[in-house]
>>> print(open('work-v3.txt').read())   # compact mmCIF, C-alpha atoms
# COMPACT_ATOMS: atom_id res chain seq x y z
CA MET A 20 35.53 -159.41 -262.78
CA ALA A 21 36.53 -162.44 -264.82
CA LYS A 22 38.01 -165.35 -262.90
CA ASP A 23 41.82 -165.49 -262.81
CA LYS A 24 42.24 -162.06 -264.41
CA ILE A 25 45.22 -160.35 -262.82
CA LEU A 26 45.23 -156.62 -262.11
CA SER A 27 48.55 -154.81 -261.78
CA ASN A 28 49.19 -151.63 -259.83
CA LYS A 29 52.06 -149.67 -258.37
CA HIS A 30 52.38 -152.04 -255.39
CA ASN A 31 52.89 -154.95 -257.77
CA LEU A 32 49.88 -156.52 -256.07
CA GLN A 33 48.24 -159.37 -257.98
CA VAL A 34 44.48 -159.23 -257.48
CA ILE A 35 42.83 -162.47 -258.56
CA TYR A 36 39.24 -161.64 -257.60
CA GLU A 37 37.45 -158.62 -256.19
CA ASP A 38 33.86 -157.60 -255.52
CA ASN A 39 32.11 -155.35 -252.99
CA HIS A 40 32.73 -157.75 -250.08
CA ILE A 41 35.85 -159.78 -250.90
CA ILE A 42 39.32 -159.32 -252.33
CA ILE A 43 41.59 -162.27 -253.14
CA VAL A 44 45.27 -161.73 -253.93
CA ASN A 45 48.26 -163.81 -254.97
CA LYS A 46 50.79 -163.47 -252.14
CA ARG A 47 54.46 -163.23 -253.02
CA ALA A 48 57.17 -165.05 -251.07
CA GLY A 49 58.40 -162.89 -248.21
CA ASP A 50 55.14 -160.99 -247.71
CA ILE A 51 53.64 -161.21 -244.24
CA VAL A 52 49.85 -161.26 -244.14
CA GLN A 53 49.53 -159.33 -240.88
CA GLY A 54 51.95 -157.06 -239.03
CA ASP A 55 54.41 -158.71 -236.65
CA LYS A 56 57.45 -157.87 -234.53
CA THR A 57 59.61 -157.36 -237.65
CA GLY A 58 57.81 -154.10 -238.36
CA ASP A 59 57.72 -154.94 -242.09
CA LYS A 60 54.72 -153.60 -243.99
CA PRO A 61 52.12 -156.39 -244.07
CA LEU A 62 50.13 -157.50 -247.09
CA SER A 63 46.96 -156.32 -245.35
CA ASP A 64 48.25 -152.73 -245.47
CA VAL A 65 49.26 -153.08 -249.12
CA VAL A 66 45.73 -154.25 -249.93
CA LYS A 67 44.26 -151.33 -247.98
CA ASP A 68 46.41 -148.91 -249.99
CA TYR A 69 45.24 -150.56 -253.21
CA ILE A 70 41.56 -150.25 -252.24
CA LYS A 71 42.02 -146.64 -251.11
CA ILE A 72 43.60 -145.63 -254.41
CA LYS A 73 41.45 -147.71 -256.76
CA HIS A 74 38.16 -146.70 -255.18
CA ASN A 75 39.26 -143.20 -254.11
CA LYS A 76 38.25 -143.85 -250.50
CA PRO A 77 38.78 -141.10 -247.94
CA GLY A 78 39.81 -141.97 -244.38
CA ASN A 79 40.54 -145.44 -243.09
CA VAL A 80 39.82 -148.50 -245.24
CA TYR A 81 38.15 -151.51 -243.60
CA LEU A 82 39.88 -154.84 -244.24
CA GLY A 83 39.39 -158.09 -242.36
CA VAL A 84 42.01 -160.85 -242.37
CA VAL A 85 40.27 -164.17 -243.05
CA HIS A 86 43.24 -166.57 -243.08
CA ARG A 87 47.03 -166.53 -243.35
CA LEU A 88 49.94 -168.10 -245.19
CA ASP A 89 53.47 -168.63 -243.89
CA ARG A 90 55.83 -165.86 -244.92
CA PRO A 91 57.98 -167.95 -247.34
CA THR A 92 54.96 -169.45 -249.14
CA THR A 93 53.04 -168.03 -252.10
CA GLY A 94 49.50 -168.08 -253.39
CA ILE A 95 45.92 -167.29 -252.50
CA VAL A 96 45.05 -165.05 -249.58
CA MET A 97 41.52 -163.74 -249.09
CA PHE A 98 40.49 -160.61 -247.21
CA SER A 99 37.07 -159.24 -246.32
CA LYS A 100 36.23 -155.71 -247.47
CA THR A 101 33.13 -155.41 -245.26
CA SER A 102 32.27 -156.11 -241.63
CA LYS A 103 29.20 -157.96 -242.91
CA ALA A 104 31.22 -160.53 -244.83
CA LEU A 105 34.03 -161.14 -242.30
CA PRO A 106 32.15 -163.26 -239.71
CA ARG A 107 30.52 -165.24 -242.54
CA LEU A 108 33.90 -165.92 -244.14
CA ASN A 109 35.36 -166.86 -240.76
CA LYS A 110 32.48 -169.31 -240.33
CA LEU A 111 33.15 -170.82 -243.78
CA PHE A 112 36.74 -171.56 -242.81
CA ALA A 113 35.84 -172.76 -239.32
CA GLU A 114 33.29 -175.18 -240.76
CA LYS A 115 35.76 -176.30 -243.46
CA LYS A 116 33.49 -175.13 -246.27
CA ALA A 117 36.29 -173.22 -247.98
CA TYR A 118 38.27 -175.76 -250.00
CA LYS A 119 41.96 -174.99 -250.44
CA THR A 120 44.34 -176.83 -252.75
CA TYR A 121 48.09 -176.46 -252.43
CA TRP A 122 50.94 -177.37 -254.77
CA ALA A 123 54.34 -178.32 -253.39
CA ILE A 124 57.64 -179.18 -255.05
CA VAL A 125 59.71 -181.86 -253.32
CA LYS A 126 62.91 -183.65 -254.27
CA GLN A 127 62.48 -187.03 -252.60
CA VAL A 128 59.80 -189.22 -254.17
CA PRO A 129 57.19 -190.23 -251.58
CA GLU A 130 56.83 -193.96 -251.05
CA SER A 131 53.27 -193.82 -252.41
CA PRO A 132 52.23 -191.63 -255.38
CA GLN A 133 49.19 -190.61 -253.37
CA ASP A 134 48.30 -191.08 -249.73
CA THR A 135 46.63 -189.71 -246.62
CA LEU A 136 48.98 -188.63 -243.85
CA ILE A 137 47.78 -188.67 -240.24
CA ASN A 138 50.05 -187.31 -237.54
CA TRP A 139 49.94 -185.48 -234.24
CA LEU A 140 51.79 -182.19 -234.45
CA LYS A 141 53.34 -180.35 -231.54
CA LYS A 142 54.50 -176.77 -231.92
CA ASN A 143 57.64 -175.45 -230.25
CA PRO A 144 57.14 -171.67 -229.84
CA LYS A 145 60.84 -171.13 -229.13
CA ASN A 146 61.94 -172.04 -232.65
CA ASN A 147 58.54 -171.64 -234.35
CA LYS A 148 58.67 -175.22 -235.57
CA SER A 149 56.32 -178.19 -235.37
CA THR A 150 57.21 -181.86 -234.96
CA ALA A 151 55.14 -184.75 -236.29
CA TYR A 152 54.42 -187.80 -234.13
CA SER A 153 52.74 -191.06 -235.09
CA LYS A 154 50.79 -191.15 -231.83
CA GLU A 155 49.13 -188.51 -229.72
CA ILE A 156 51.35 -186.89 -227.13
CA LYS A 157 50.77 -184.10 -224.62
CA ASP A 158 49.82 -180.77 -226.24
CA SER A 159 49.79 -182.28 -229.75
CA LYS A 160 47.03 -181.76 -232.32
CA LYS A 161 45.80 -184.24 -234.89
CA ALA A 162 46.75 -183.35 -238.47
CA ILE A 163 45.34 -184.93 -241.63
CA LEU A 164 46.27 -184.19 -245.23
CA HIS A 165 45.82 -185.89 -248.59
CA TYR A 166 48.43 -185.66 -251.32
CA LYS A 167 48.83 -186.96 -254.85
CA THR A 168 51.62 -186.74 -257.41
CA LEU A 169 50.77 -184.38 -260.25
CA LYS A 170 54.01 -184.33 -262.21
CA VAL A 171 57.48 -185.89 -262.16
CA LEU A 172 60.18 -183.46 -263.32
CA ASP A 173 63.85 -184.20 -263.98
CA ASN A 174 64.93 -183.61 -260.38
CA TYR A 175 61.73 -182.78 -258.53
CA ILE A 176 58.17 -183.95 -257.98
CA LEU A 177 55.04 -181.79 -257.96
CA LEU A 178 52.49 -182.77 -255.33
CA GLU A 179 48.91 -181.57 -254.90
CA ILE A 180 47.75 -181.33 -251.29
CA GLU A 181 44.38 -180.95 -249.64
CA LEU A 182 44.09 -180.37 -245.91
CA GLU A 183 41.48 -181.74 -243.54
CA THR A 184 42.96 -179.80 -240.64
CA GLY A 185 44.78 -176.49 -240.40
CA ARG A 186 47.77 -176.87 -238.08
CA HIS A 187 50.93 -174.83 -237.64
CA HIS A 188 53.28 -175.56 -240.57
CA GLN A 189 51.18 -178.66 -241.27
CA ILE A 190 52.12 -179.35 -244.89
CA ARG A 191 55.77 -178.58 -244.25
CA THR A 192 55.92 -180.81 -241.18
CA GLN A 193 53.99 -183.76 -242.54
CA LEU A 194 55.82 -183.93 -245.88
CA ALA A 195 59.14 -183.73 -244.04
CA SER A 196 57.99 -186.59 -241.80
CA ILE A 197 57.82 -188.93 -244.83
CA GLY A 198 61.25 -187.82 -246.06
CA SER A 199 59.97 -185.35 -248.67
CA PRO A 200 60.64 -181.84 -247.34
CA ILE A 201 59.52 -178.97 -249.55
CA LYS A 202 62.13 -177.46 -251.86
CA GLY A 203 63.92 -174.58 -250.12
CA ASP A 204 62.53 -175.38 -246.67
CA LEU A 205 65.71 -175.48 -244.57
CA LYS A 206 63.69 -175.45 -241.34
CA TYR A 207 62.20 -178.84 -242.19
CA GLY A 208 65.21 -180.55 -243.68
CA PHE A 209 65.67 -179.48 -247.29
CA ASP A 210 69.38 -179.22 -248.08
CA ARG A 211 69.42 -175.85 -249.93
CA SER A 212 67.54 -172.60 -249.72
CA ASN A 213 65.77 -171.05 -252.69
CA LYS A 214 67.48 -167.93 -254.06
CA ASP A 215 64.60 -165.68 -252.98
CA ALA A 216 64.32 -167.34 -249.53
CA SER A 217 60.94 -168.79 -250.50
CA ILE A 218 59.82 -172.36 -250.07
CA SER A 219 58.16 -174.10 -253.01
CA LEU A 220 54.69 -174.28 -251.47
CA HIS A 221 51.88 -172.48 -253.28
CA ALA A 222 48.24 -172.00 -252.29
CA ARG A 223 46.94 -172.82 -255.76
CA ARG A 224 43.13 -172.91 -255.63
CA LEU A 225 40.24 -171.79 -253.42
CA GLN A 226 36.61 -172.85 -253.77
CA PHE A 227 33.73 -171.59 -251.63
CA THR A 228 30.20 -170.21 -251.73
CA HIS A 229 30.13 -166.42 -251.58
CA PRO A 230 28.79 -165.49 -248.12
CA VAL A 231 26.60 -162.65 -249.43
CA SER A 232 25.65 -163.43 -253.05
CA LYS A 233 25.67 -167.23 -252.48
CA GLU A 234 27.37 -167.65 -255.85
CA PRO A 235 30.06 -170.36 -256.20
CA ILE A 236 33.57 -168.88 -256.30
CA ASP A 237 36.48 -170.86 -257.74
CA VAL A 238 39.81 -169.08 -258.18
CA SER A 239 43.36 -170.16 -258.95
CA ALA A 240 46.59 -168.30 -258.27
CA PRO A 241 49.23 -168.18 -261.03
CA LEU A 242 52.48 -169.88 -260.09
CA PRO A 243 55.63 -167.93 -259.22
CA ASN A 244 57.78 -167.01 -262.21
CA ASP A 245 60.54 -169.53 -261.62
CA PRO A 246 62.05 -172.15 -263.98
CA ILE A 247 60.95 -175.12 -261.90
CA TRP A 248 57.45 -173.77 -261.28
CA ASN A 249 57.23 -172.97 -265.00
CA ALA A 250 58.09 -176.60 -265.77
CA CYS A 251 55.15 -177.69 -263.62
CA GLU A 252 52.73 -176.00 -266.04
CA ASN A 253 54.32 -177.21 -269.28
>>> encode(input="work-v3.txt", output="structure tokens")
Amino acid sequence: MAKDKILSNKHNLQVIYEDNHIIIVNKRAGDIVQGDKTGDKPLSDVVKDYIKIKHNKPGNVYLGVVHRLDRPTTGIVMFSKTSKALPRLNKLFAEKKAYKTYWAIVKQVPESPQDTLINWLKKNPKNNKSTAYSKEIKDSKKAILHYKTLKVLDNYILLEIELETGRHHQIRTQLASIGSPIKGDLKYGFDRSNKDASISLHARRLQFTHPVSKEPIDVSAPLPNDPIWNACEN
């Protein structure tokens, strides 16, 4: 299948890439990747339904969750369609050989147009929120990200982010720590919510070597259909 081609179906699922072992989709804001206490239908089940219908599969469909995105975020999520590929994909992510690029819209201009942020993050399970510290404290984990300014809009700034670590709410926490919370992210200090309850953080690009075919895979997720996101592409 051609890179970046989008397939539509009755679930309104956007499939960016699919082969015998892998399926990559463009997650909408509000979708949960895996089932949780809310009882809402997870994206993993939607993808299973899609595979079952498209490939006319009887019985249960195998699908392995490789990684997750926060519920209010959008963009690339990859699943494994075979038990052969799942441990190999898990290893790719564990060894940081899957390269993810995120785009974020913020209102406050960072002090530097590009920088590396190093913090120690501590998660509070009670409110499902992380706090950034400049020094290591008990139960904190080191977090490193790199950002650069891609575009300056009338009222907002588009940042590109690459992670060295994968911590709880890392991008949200670290950008808030420099006074640039993500648009719509009330939890981390933005002053207004987005109309659809999303936050303006998008998993834009994923690059990795296919664990079975060994071919290079490089996919990008189209941006949400929103006036400010649309301005980022113009």
>>> closest_residue(input="work-v3.txt", among="A:Arg224, A:Lys157, A:Lys76, A:Lys233", to="Val44 in chain A", atoms="only C-alpha atoms")
A:Arg224
>>> atom_distance(input="work-v3.txt", atom1="CA of Val34 in chain A", atom2="CA of Ser239 in chain A")
11.1 Å
>>> residues_near_point(input="work-v3.txt", point="(49.4, -157.2, -253.9)", cutoff="7 Å", atoms="only C-alpha atoms", output="list of chain:residue names")
A:His30, A:Asn31, A:Leu32, A:Gln33, A:Val34, A:Val44, A:Asn45, A:Lys46, A:Leu62, A:Val65, A:Val66
>>> closest_residue(input="work-v3.txt", among="A:Asp50, A:Asp204, A:Asp38, A:Glu234", to="Asp64 in chain A", atoms="only C-alpha atoms")
A:Asp50
>>> atom_distance(input="work-v3.txt", atom1="CA of Leu169 in chain A", atom2="CA of Pro132 in chain A")
8.9 Å
>>> closest_atom_pairs(input="work-v3.txt", of="range 88-158 of chain A", to="range 174-193 of chain A", cutoff="6 Å", atoms="all atoms listed in the file", output="Markdown table")
| residue | atom | partner | partner_atom | distance |
| --- | --- | --- | --- | --- |
| A:Thr120 | CA | A:Glu181 | CA | 5.2 |
| A:Tyr121 | CA | A:Ile180 | CA | 5.0 |
| A:Trp122 | CA | A:Glu179 | CA | 4.7 |
| A:Ala123 | CA | A:Leu178 | CA | 5.2 |
| A:Ile124 | CA | A:Leu177 | CA | 4.7 |
| A:Val125 | CA | A:Ile176 | CA | 5.3 |
| A:Lys126 | CA | A:Tyr175 | CA | 4.5 |
>>> write_last_selection(input="work-v3.txt", atoms="C-alpha atoms", output="PDB file, in the frame of the given file")
ATOM      1  CA  THR A 120      44.340-176.830-252.750  1.00  0.00           C
ATOM      2  CA  TYR A 121      48.090-176.460-252.430  1.00  0.00           C
ATOM      3  CA  TRP A 122      50.940-177.370-254.770  1.00  0.00           C
ATOM      4  CA  ALA A 123      54.340-178.320-253.390  1.00  0.00           C
ATOM      5  CA  ILE A 124      57.640-179.180-255.050  1.00  0.00           C
ATOM      6  CA  VAL A 125      59.710-181.860-253.320  1.00  0.00           C
ATOM      7  CA  LYS A 126      62.910-183.650-254.270  1.00  0.00           C
TER       8      LYS A 126
END
>>> atom_distance(input="work-v3.txt", atom1="CA of Thr92 in chain A", atom2="CA of His74 in chain A")
28.9 Å
>>> residues_around(input="work-v3.txt", residues="Lys154 in chain A", least_positions_apart="2", cutoff="9 Å", atoms="all atoms listed in the file", output="list in words")
Asn138, Trp139, Ala151, Tyr152 and Ile156 of chain A
>>> residues_near_point(input="work-v3.txt", point="(36.6, -157.1, -242.6)", cutoff="7 Å", atoms="all atoms listed in the file", output="list in words")
Tyr81, Leu82, Gly83, Val84, Phe98, Ser99, Lys100, Thr101, Ser102, Ala104 and Leu105 of chain A
>>> residues_around(input="work-v3.txt", residues="range 227-232 of chain A", least_positions_apart="3", cutoff="7 Å", atoms="only C-alpha atoms", output="PyMOL selection string")
chain A and resi 104+107-108+116-118+235-237
>>> closest_residue(input="work-v3.txt", among="A:Asn253, A:Thr150, A:Thr168, A:Ser199", to="Asp134 in chain A", atoms="only C-alpha atoms")
A:Thr168
>>> closest_residue(input="work-v3.txt", among="A:Ile35, A:Ile137, A:Ile41, A:Ala216", to="Pro91 in chain A", atoms="all atoms listed in the file")
A:Ala216
>>> closest_residue(input="work-v3.txt", among="A:Gln53, A:Ser219, A:Asn146, A:Gln226", to="Pro200 in chain A", atoms="all atoms listed in the file")
A:Ser219
>>> closest_residue(input="work-v3.txt", among="A:Gln133, A:Ser212, A:Thr93, A:Asn109", to="Pro243 in chain A", atoms="all atoms listed in the file")
A:Thr93
